[in-house]
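What follows is a single structure, written as structure tokens, with notes after it.
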Amino acid sequence: MRLTRIAAVAVVAALALGAAACGGDDDKSSSNKFPAGSTMAKLADAGKIKIGTKFDQPLFGLKGLDGKPAGFDVEIAKILTKELGIKDDNIEWVESPSKVREDYIQQDKVSLVVATYTINDARKEKVSFAGPYFTAGQDILVRKDDDSISGPESFQAGDKKVCSVTGSTPAKNIEQYLKDKTAQLVLFDVYSKCLDALKAKQVDAITTDNVILSGFQSQNPDAVKLLGQPFTREPYGIGVKKDDKQFRDWINDVLEAAFKDGRYKTAWDATLGTNVKMPTALTVQRY
Amino acid sequence: MTDALITLDAVNKWFGKLHVLRDVNLSVAAGEVVVVIGPSGSGKSTLCRSINRLETIDSGTITFDGRPLPAEGRALARLRADVGMVFQSFNLFAHKTILDNVTLGPTKVRRQSTADARAYGMELLERVGIADQAGKHPAQLSGGQQQRAAIARALAMRPKAMLFDEPTSALDPEMVGEVLEVMTGLAKGGMTMIVVTHEMGFARHAADRVVFMADGQIVEQAPPAEFFAQPRTERARDFLGKVLSH
Amino acid sequence: MEVFSDKLDVFWNGFLGTVQMCLLAAVGALILGALVAVLRISPIPPLRAVGTAYVTVFRNVPLTVVMFFAAFALPLLGSDASFLKIPGLRDVIKPLGTDLPYFRFATIALTLYTTAFVCEALRSGIGAVPLGQAEAARSLGLSFTQNLRHVVLPQAWKLAIVPLGSVIIAMVKNSALAAAFGVIVTLMGVVDELVSQQYYDAVPVFLGVAVGFLILTIPLGLLLDMVERSQKKVATR
């Protein structure tokens, strides 16, 4: 597995070197690998790319001190650019907050978006998705000794209190399970306060993305536990221009290959770490 | 003097470096009316205020009704209830009606019923001549009326003695008479009184004894006829000369 | 602007939450403030020291910090402020009786913080009562507490009412901070719910919140102006 990965990198490197050696305007180097006229071929020939990601999403895309974003989304994007023979230095990262992602793709401001981008039908009207490369879900964290909460339904009786953060979809999602918002829901600006409240038994649960909750669990294994039964599914996809099926299929191929040969795991371990359990299989949606 | 109601024995008081009472000895018998006169700054107001402990003293003893003045607390409050005090600036409770001013002490300190306190209060207001003002607030009354109300307020506690600290000094001249009239009536009625005043007329005809103070000391004391006719000390003669020539 | 027709109930509930918290904190702070003011003028030095220490601490610490301690230190001390689940009152003011303690925590913080300012406003009022009033009361034999209760405080309240009003107006505005400490059903909580969770435009929502606060504070201000004018009339009479 490791050998094949090294081999793959070597091949890509050789291709890139070859392209450089033969002169930048030579079409043949890319046409060897990508169908002529395809998005992949165009990008590989250009040798640079604009990628939309988030700059403020811990673990996935968070701008660091060096001014570049880092995280799982970024690593996934780099797997793709390596396949295209584009050097890291030639990637232009474009901050893409949730509201502008479709616009940026439609207006060609970016070639692809890897930005905790949940695949859904409304968005498929405007853009196409490769992946998913990750499935997030809203889960529930409880005190280790508390067996009284088994899922969001446990809040319907009205006697269990739950904490989340202000301005989040999880807070909105859980509301429909609550009997009395005033008596059951508390929101703070950061999750660490929720954790304090949970430990001090002021609340009985914390709810948000399983990724975030996993982090808390790994830091406090003696105090809290994760139910591990996400009650929402948020498949993160890679957004590309609508109906660019060729590009989308190619990305799916790369994702599957990367999952098999360990590049996916390397990216996972480097960013999400061991505290989020990596899935045993990756199933992309081809359409 | 076995029947002394108020006794001051070697009383000293300083305001910082200022020695305002110097070895003051004074004895007031029950039913006696003592008028304290003297130039301003002579300590006569301080003397008056120290008798119900509105001013504390630094040495010496003050005895009231056979017992030394208590320090703070309930005992002091009980003593004060027995000693009526009338101030230069009336000090009527501004937020209460005249009648409520008069009944506050009896109801809260003496635990009288409101009805009893009001009945006696009205009687007193009648006596000082302002029964028709009972429902008004202090600010609506003239200075003379206010001071008479203040006297009624003190009397409502049925005190054993009354202290008057320059009761007419803040009044317009035309109102001095009405207040002195009330005080004279009280004196004739047998009330024990210590009156600090500049009203020589009152001292002359209502006092049993005149006490002349200067520089924190009692310089001389005598029955009014004797004092006004033949002051023994130079200072008293000097003072009387200034006061009476006006 | 359709947010006002769609979500008026959210605004209304938030407004109600703020009103409830402010009513509780105002009553609490006025009572506690009077007590602390009494401590500060008490003839007993240790009591005076306690009063002074209280005011020094709470007047000089940001409300955020007080709120933080209430929300995160009280639980560590094992308290969820259930003493505030007052029978009867908790039926009228629902958040008071919930298992979730953050409404109570924030109300406590707001009360304790405002108490220091009420105390100082009252003390300035007490200072403005002429000394002769207390002397006259003492000369009648009234005890320290009777003196305060029947003579000094009734007059001090009146003299302090304008500064007290400013304190209460400031308190209403300060209550906005509770939203950051787990109390979601308040005026500021409306912003979180409508802007951050339901993606309404921020500006109209904030406008609505501002109007909510103005509905509370402007009548208070007008009332104070009236009191001030009537006091001037009394003073010049």
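Ordering of the structure tokens sets the chain letters (A, B, ...); residue numbers start at 1 within each chain; ligands are numbered from 1 in the order shown.
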Hey, list the chain B side of the contact with chain C: 6 Å cut-off, only C-alpha atoms, answer as an mmCIF file with N, CA, C and O atoms, in the first residue's frame.
```cif
data_model
loop_
_atom_site.group_PDB
_atom_site.id
_atom_site.type_symbol
_atom_site.label_atom_id
_atom_site.label_comp_id
_atom_site.auth_asym_id
_atom_site.auth_seq_id
_atom_site.Cartn_x
_atom_site.Cartn_y
_atom_site.Cartn_z
ATOM 1 N N ALA B 77 -31.615 55.144 73.621
ATOM 2 C CA ALA B 77 -32.862 55.516 72.960
ATOM 3 C C ALA B 77 -33.935 55.811 73.993
ATOM 4 O O ALA B 77 -34.699 56.767 73.855
ATOM 5 N N ARG B 78 -33.968 54.984 75.059
ATOM 6 C CA ARG B 78 -34.968 55.215 76.118
ATOM 7 C C ARG B 78 -34.737 56.559 76.798
ATOM 8 O O ARG B 78 -35.668 57.316 77.046
ATOM 9 N N ARG B 80 -33.279 59.174 75.494
ATOM 10 C CA ARG B 80 -33.631 60.255 74.586
ATOM 11 C C ARG B 80 -35.146 60.449 74.523
ATOM 12 O O ARG B 80 -35.636 61.556 74.341
ATOM 13 N N ALA B 81 -35.856 59.333 74.645
ATOM 14 C CA ALA B 81 -37.316 59.444 74.631
ATOM 15 C C ALA B 81 -37.810 60.266 75.812
ATOM 16 O O ALA B 81 -38.849 60.912 75.743
ATOM 17 N N ASN B 91 -36.193 71.005 62.249
ATOM 18 C CA ASN B 91 -35.983 69.594 61.910
ATOM 19 C C ASN B 91 -37.258 68.771 61.944
ATOM 20 O O ASN B 91 -37.257 67.603 62.346
ATOM 21 N N GLY B 105 -43.068 59.418 67.223
ATOM 22 C CA GLY B 105 -42.368 58.949 68.423
ATOM 23 C C GLY B 105 -43.261 58.114 69.324
ATOM 24 O O GLY B 105 -42.927 56.978 69.670
#
```
### Residues flagged helix (DSSP H, G or I) by DSSP in region 58-187 of chain C, as a ChimeraX atom specification
/C:58-59,63-73,82-84,89-92,94-97,102-128,131-139,144-180,187
### Message
So that I can check the surroundings of region 59-63 of chain B, please list as a ChimeraX atom specification every protein, DNA and RNA residue that reaches within 10 Å of it, counting only C-alpha atoms and ignoring chain neighbours fewer than 3 positions away.
### Response
/B:4-14,21-27,50-53,56,66-70
### Task
Tell me, in Å to one decimal, how far CA of Ala206 (chain B) is from CA of Glu220 (chain B).
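Interatomic distance, CA of Ala206 (chain B) to CA of Glu220 (chain B): 18.3 Å.
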Rows by chain and residue number, chain A within 7 Å of chain C, shortest pair, only C-alpha atoms, as CSV:
```
residue,atom,partner,partner_atom,distance
A:Lys161,CA,C:Leu100,CA,6.7
A:Thr166,CA,C:Asp192,CA,6.0
A:Gly167,CA,C:Ser196,CA,4.0
A:Ser168,CA,C:Gln197,CA,5.8
A:Thr169,CA,C:Gln197,CA,5.9
A:Lys172,CA,C:Gln197,CA,6.1
A:Thr182,CA,C:Val185,CA,6.4
A:Ala183,CA,C:Thr98,CA,5.2
A:Gln184,CA,C:Leu100,CA,6.3
A:Val186,CA,C:Gly182,CA,4.7
A:Leu187,CA,C:Gly182,CA,4.7
A:Phe188,CA,C:Gly182,CA,5.4
A:Asp189,CA,C:Ala180,CA,6.5
A:Ala200,CA,C:Pro75,CA,5.9
A:Gln202,CA,C:Leu100,CA,6.6
```
### Shell around region 267-277 of chain A at 6 Å using only C-alpha atoms, local window under 3 positions removed, as a PyMOL selection string
chain A and resi 59+71-72+75+214-215+218+264
Do a neighbour search on Gln229 (chain A) at 8 Å with only C-alpha atoms, toss out local chain neighbours closer than 4 positions, and write the hits as a short mmCIF file (atom, residue, chain, number, x, y, z; two decimals) with N, CA and C atoms, in the first residue's frame.
```
data_model
loop_
_atom_site.label_atom_id
_atom_site.label_comp_id
_atom_site.auth_asym_id
_atom_site.auth_seq_id
_atom_site.Cartn_x
_atom_site.Cartn_y
_atom_site.Cartn_z
N ASP A 139 -24.89 14.53 16.53
CA ASP A 139 -24.92 13.47 17.53
C ASP A 139 -25.08 14.10 18.91
N ILE A 140 -25.08 13.27 19.93
CA ILE A 140 -25.34 13.75 21.29
C ILE A 140 -24.26 13.23 22.22
N GLY A 151 -31.16 9.15 22.42
CA GLY A 151 -31.23 9.82 21.13
C GLY A 151 -32.04 11.09 21.31
#
```
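Take the candidates A:Asn173, A:Thr39, A:Thr283, A:Gln219 and check each one against Gln246 (chain A) using only C-alpha atoms; the shortest distance goes to A:Thr39.
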### Straight-line distance linking CA of Ala222 (chain B) with CA of Asp208 (chain B), stated in Å to one decimal
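Distance reported for this atom pair: 8.6 Å.
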### Task
Excluding Ile149 (chain A) and any residue of its chain fewer than 3 positions from it, enumerate the residues within 10 Å of it, using only C-alpha atoms, and give them as JSON, numbers by chain.
{"A": [140, 141, 142, 143, 146, 152, 153, 154, 155, 160, 204, 205, 227]}
Just all heavy atoms for this one: save the residues we selected as a compact mmCIF listing (two decimals), in the first residue's frame.
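The result, stored in result-v1.txt:
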```txt
# COMPACT_ATOMS: atom_id res chain seq x y z
N ILE A 140 -25.08 13.27 19.93
CA ILE A 140 -25.34 13.75 21.29
C ILE A 140 -24.26 13.23 22.22
O ILE A 140 -23.90 12.05 22.20
CB ILE A 140 -26.73 13.28 21.77
CG1 ILE A 140 -27.81 13.93 20.91
CG2 ILE A 140 -26.95 13.64 23.24
CD1 ILE A 140 -29.19 13.34 21.10
N LEU A 141 -23.74 14.15 23.04
CA LEU A 141 -22.73 13.80 24.03
C LEU A 141 -23.38 13.86 25.41
O LEU A 141 -24.06 14.84 25.73
CB LEU A 141 -21.57 14.80 23.94
CG LEU A 141 -20.30 14.48 24.72
CD1 LEU A 141 -19.51 13.39 24.00
CD2 LEU A 141 -19.43 15.73 24.88
N VAL A 142 -23.19 12.83 26.22
CA VAL A 142 -23.80 12.81 27.55
C VAL A 142 -22.73 12.46 28.59
O VAL A 142 -21.61 12.08 28.23
CB VAL A 142 -24.95 11.79 27.66
CG1 VAL A 142 -26.08 12.16 26.70
CG2 VAL A 142 -24.45 10.38 27.38
N ARG A 143 -23.09 12.59 29.87
CA ARG A 143 -22.17 12.18 30.93
C ARG A 143 -21.99 10.67 30.88
O ARG A 143 -22.91 9.94 30.54
CB ARG A 143 -22.68 12.61 32.30
CG ARG A 143 -22.47 14.07 32.62
CD ARG A 143 -22.92 14.38 34.04
NE ARG A 143 -24.35 14.18 34.20
CZ ARG A 143 -25.28 15.08 33.88
NH1 ARG A 143 -24.91 16.24 33.39
NH2 ARG A 143 -26.55 14.82 34.05
N ASP A 146 -24.51 8.39 32.54
CA ASP A 146 -25.92 8.68 32.27
C ASP A 146 -26.43 7.82 31.12
O ASP A 146 -26.01 7.95 29.98
CB ASP A 146 -26.08 10.17 31.92
CG ASP A 146 -27.54 10.56 31.77
OD1 ASP A 146 -28.41 9.67 31.86
OD2 ASP A 146 -27.79 11.76 31.55
N PRO A 152 -32.26 11.81 20.22
CA PRO A 152 -32.98 13.08 20.35
C PRO A 152 -34.39 12.91 20.91
O PRO A 152 -34.92 13.82 21.55
CB PRO A 152 -33.02 13.62 18.92
CG PRO A 152 -32.74 12.46 18.05
CD PRO A 152 -31.87 11.52 18.84
N GLU A 153 -34.96 11.71 20.73
CA GLU A 153 -36.31 11.47 21.25
C GLU A 153 -36.37 11.57 22.77
O GLU A 153 -37.43 11.81 23.35
CB GLU A 153 -36.83 10.10 20.81
CG GLU A 153 -36.97 9.92 19.30
CD GLU A 153 -35.63 9.66 18.62
OE1 GLU A 153 -34.65 9.32 19.33
OE2 GLU A 153 -35.55 9.81 17.38
N SER A 154 -35.21 11.37 23.40
CA SER A 154 -35.19 11.42 24.86
C SER A 154 -35.51 12.81 25.40
O SER A 154 -35.76 12.99 26.58
CB SER A 154 -33.82 11.00 25.38
OG SER A 154 -33.53 9.68 24.98
N PHE A 155 -35.48 13.81 24.51
CA PHE A 155 -35.77 15.17 24.98
C PHE A 155 -37.26 15.49 24.93
O PHE A 155 -37.69 16.52 25.43
CB PHE A 155 -35.00 16.19 24.15
CG PHE A 155 -33.51 16.05 24.26
CD1 PHE A 155 -32.76 15.59 23.20
CD2 PHE A 155 -32.88 16.35 25.46
CE1 PHE A 155 -31.39 15.44 23.32
CE2 PHE A 155 -31.50 16.20 25.58
CZ PHE A 155 -30.76 15.74 24.51
N LYS A 160 -35.21 16.64 30.09
CA LYS A 160 -33.77 16.61 29.81
C LYS A 160 -33.33 17.92 29.18
O LYS A 160 -34.03 18.46 28.32
CB LYS A 160 -33.45 15.44 28.86
CG LYS A 160 -33.74 14.07 29.46
CD LYS A 160 -32.77 13.76 30.58
CE LYS A 160 -33.15 12.43 31.23
NZ LYS A 160 -32.38 12.21 32.46
N ASP A 204 -27.92 18.04 30.52
CA ASP A 204 -27.75 16.59 30.46
C ASP A 204 -27.06 16.14 29.18
O ASP A 204 -26.67 14.99 29.05
CB ASP A 204 -29.12 15.92 30.56
CG ASP A 204 -29.85 16.36 31.81
OD1 ASP A 204 -29.30 16.15 32.89
OD2 ASP A 204 -30.96 16.93 31.69
N ALA A 205 -26.96 17.04 28.21
CA ALA A 205 -26.41 16.63 26.93
C ALA A 205 -25.89 17.83 26.16
O ALA A 205 -26.26 18.97 26.41
CB ALA A 205 -27.49 15.92 26.11
N LEU A 227 -23.04 9.29 22.00
CA LEU A 227 -24.02 8.25 21.69
C LEU A 227 -23.61 7.48 20.43
O LEU A 227 -23.84 6.29 20.31
CB LEU A 227 -25.40 8.86 21.50
CG LEU A 227 -26.06 9.43 22.76
CD1 LEU A 227 -27.52 9.76 22.46
CD2 LEU A 227 -25.97 8.46 23.92
```
All residues 10 Å or closer to Val176 (chain B), only C-alpha atoms, same chain fewer than 6 positions away omitted, as a PDB file with N, CA and C atoms, in the first residue's frame:
```
ATOM      1  N   GLY B 143     -42.243  79.628  59.762  1.00  0.00           N
ATOM      2  CA  GLY B 143     -41.210  79.190  60.692  1.00  0.00           C
ATOM      3  C   GLY B 143     -41.727  79.085  62.114  1.00  0.00           C
ATOM      4  N   GLY B 144     -42.493  80.057  62.534  1.00  0.00           N
ATOM      5  CA  GLY B 144     -43.023  80.053  63.899  1.00  0.00           C
ATOM      6  C   GLY B 144     -43.935  78.866  64.123  1.00  0.00           C
ATOM      7  N   GLN B 147     -41.843  75.717  64.396  1.00  0.00           N
ATOM      8  CA  GLN B 147     -41.164  75.524  65.668  1.00  0.00           C
ATOM      9  C   GLN B 147     -42.159  75.117  66.757  1.00  0.00           C
ATOM     10  N   PRO B 167     -33.961  78.032  70.025  1.00  0.00           N
ATOM     11  CA  PRO B 167     -35.202  77.733  69.316  1.00  0.00           C
ATOM     12  C   PRO B 167     -35.744  78.890  68.481  1.00  0.00           C
ATOM     13  N   THR B 168     -35.282  80.118  68.733  1.00  0.00           N
ATOM     14  CA  THR B 168     -35.846  81.245  67.984  1.00  0.00           C
ATOM     15  C   THR B 168     -34.840  81.898  67.060  1.00  0.00           C
ATOM     16  N   SER B 169     -33.622  81.345  67.007  1.00  0.00           N
ATOM     17  CA  SER B 169     -32.576  82.029  66.244  1.00  0.00           C
ATOM     18  C   SER B 169     -32.817  82.016  64.742  1.00  0.00           C
ATOM     19  N   ALA B 170     -33.581  81.018  64.255  1.00  0.00           N
ATOM     20  CA  ALA B 170     -33.788  80.925  62.816  1.00  0.00           C
ATOM     21  C   ALA B 170     -35.107  81.574  62.401  1.00  0.00           C
ATOM     22  N   GLU B 199     -32.473  85.276  73.723  1.00  0.00           N
ATOM     23  CA  GLU B 199     -33.618  86.097  74.106  1.00  0.00           C
ATOM     24  C   GLU B 199     -33.520  86.473  75.590  1.00  0.00           C
TER      25      GLU B 199
END
```
### Task
For CA of Ala70 (chain C) and CA of Ile108 (chain C), determine how far apart the two atoms are, in Å to one decimal place.
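Value for the CA of Ala70 (chain C)-CA of Ile108 (chain C) distance: 7.1 Å.
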### Query
Could you pull out all residues of region 47-267 of chain A with a DSSP call of strand (DSSP E) and give them as an MDAnalysis selection string?
chainID A and resid 49:53 56:57 61:63 69:70 91:95 112:118 127:136 138:143 162:165 185:188 205:209 224:226 234:241
May I have a table of the residues of region 146-229 of chain B lying at most 12 Å from region 113-123 of chain B, giving each one's closest pair of atoms and their distance in Å to one decimal, counting only C-alpha atoms, ordered by chain and ascending residue number, as a tab-separated table?
```
residue	atom	partner	partner_atom	distance
B:Ala149	CA	B:Gly121	CA	9.9
B:Ala150	CA	B:Gly121	CA	11.5
B:Ile151	CA	B:Gly121	CA	11.2
B:Ala152	CA	B:Gly121	CA	7.4
B:Arg153	CA	B:Gly121	CA	7.8
B:Ala154	CA	B:Gly121	CA	10.4
B:Leu155	CA	B:Gly121	CA	8.9
B:Ala156	CA	B:Gly121	CA	6.3
B:Met157	CA	B:Ala117	CA	9.6
B:Arg158	CA	B:Tyr120	CA	10.2
```
Writer output for current selection, all heavy atoms, as an mmCIF file, in the first residue's frame:
```cif
data_model
loop_
_atom_site.group_PDB
_atom_site.id
_atom_site.type_symbol
_atom_site.label_atom_id
_atom_site.label_comp_id
_atom_site.auth_asym_id
_atom_site.auth_seq_id
_atom_site.Cartn_x
_atom_site.Cartn_y
_atom_site.Cartn_z
ATOM 1 N N ALA B 149 -44.804 73.375 66.182
ATOM 2 C CA ALA B 149 -45.067 71.956 65.899
ATOM 3 C C ALA B 149 -43.942 71.096 66.461
ATOM 4 O O ALA B 149 -44.182 70.013 67.010
ATOM 5 C CB ALA B 149 -45.206 71.737 64.400
ATOM 6 N N ALA B 150 -42.708 71.583 66.335
ATOM 7 C CA ALA B 150 -41.560 70.810 66.830
ATOM 8 C C ALA B 150 -41.631 70.673 68.349
ATOM 9 O O ALA B 150 -41.276 69.629 68.907
ATOM 10 C CB ALA B 150 -40.256 71.486 66.405
ATOM 11 N N ILE B 151 -42.104 71.734 69.011
ATOM 12 C CA ILE B 151 -42.261 71.647 70.471
ATOM 13 C C ILE B 151 -43.338 70.611 70.817
ATOM 14 O O ILE B 151 -43.155 69.768 71.709
ATOM 15 C CB ILE B 151 -42.614 73.034 71.062
ATOM 16 C CG1 ILE B 151 -41.423 73.982 70.862
ATOM 17 C CG2 ILE B 151 -42.976 72.919 72.539
ATOM 18 C CD1 ILE B 151 -41.727 75.445 71.221
ATOM 19 N N ALA B 152 -44.436 70.653 70.066
ATOM 20 C CA ALA B 152 -45.497 69.668 70.296
ATOM 21 C C ALA B 152 -44.982 68.252 70.080
ATOM 22 O O ALA B 152 -45.315 67.325 70.818
ATOM 23 C CB ALA B 152 -46.679 69.956 69.373
ATOM 24 N N ARG B 153 -44.136 68.092 69.039
ATOM 25 C CA ARG B 153 -43.574 66.770 68.766
ATOM 26 C C ARG B 153 -42.760 66.272 69.954
ATOM 27 O O ARG B 153 -42.844 65.096 70.333
ATOM 28 C CB ARG B 153 -42.690 66.831 67.515
ATOM 29 C CG ARG B 153 -41.985 65.524 67.209
ATOM 30 C CD ARG B 153 -41.193 65.593 65.930
ATOM 31 N NE ARG B 153 -40.027 66.475 66.044
ATOM 32 C CZ ARG B 153 -39.176 66.708 65.051
ATOM 33 N NH1 ARG B 153 -39.386 66.146 63.866
ATOM 34 N NH2 ARG B 153 -38.150 67.503 65.223
ATOM 35 N N ALA B 154 -41.967 67.171 70.539
ATOM 36 C CA ALA B 154 -41.153 66.775 71.695
ATOM 37 C C ALA B 154 -42.045 66.467 72.901
ATOM 38 O O ALA B 154 -41.821 65.500 73.625
ATOM 39 C CB ALA B 154 -40.149 67.874 72.019
ATOM 40 N N LEU B 155 -43.071 67.276 73.077
ATOM 41 C CA LEU B 155 -43.952 67.082 74.236
ATOM 42 C C LEU B 155 -44.750 65.789 74.136
ATOM 43 O O LEU B 155 -45.126 65.200 75.153
ATOM 44 C CB LEU B 155 -44.924 68.269 74.358
ATOM 45 C CG LEU B 155 -44.301 69.596 74.796
ATOM 46 C CD1 LEU B 155 -45.344 70.708 74.733
ATOM 47 C CD2 LEU B 155 -43.739 69.460 76.215
ATOM 48 N N ALA B 156 -44.993 65.357 72.908
ATOM 49 C CA ALA B 156 -45.809 64.153 72.708
ATOM 50 C C ALA B 156 -45.195 62.937 73.376
ATOM 51 O O ALA B 156 -45.883 61.963 73.674
ATOM 52 C CB ALA B 156 -46.010 63.904 71.210
ATOM 53 N N MET B 157 -43.880 62.978 73.607
ATOM 54 C CA MET B 157 -43.211 61.850 74.251
ATOM 55 C C MET B 157 -43.362 61.914 75.768
ATOM 56 O O MET B 157 -42.826 61.081 76.472
ATOM 57 C CB MET B 157 -41.715 61.857 73.891
ATOM 58 C CG MET B 157 -41.423 61.696 72.402
ATOM 59 S SD MET B 157 -41.978 60.129 71.745
ATOM 60 C CE MET B 157 -40.834 59.024 72.542
ATOM 61 N N ARG B 158 -44.091 62.923 76.265
ATOM 62 C CA ARG B 158 -44.224 63.160 77.705
ATOM 63 C C ARG B 158 -42.852 63.113 78.377
ATOM 64 O O ARG B 158 -42.601 62.292 79.287
ATOM 65 C CB ARG B 158 -45.164 62.130 78.345
ATOM 66 C CG ARG B 158 -46.548 62.110 77.697
ATOM 67 C CD ARG B 158 -47.403 61.008 78.309
ATOM 68 N NE ARG B 158 -48.505 60.648 77.398
ATOM 69 C CZ ARG B 158 -49.742 61.129 77.509
ATOM 70 N NH1 ARG B 158 -50.046 61.946 78.466
ATOM 71 N NH2 ARG B 158 -50.665 60.750 76.652
#
```
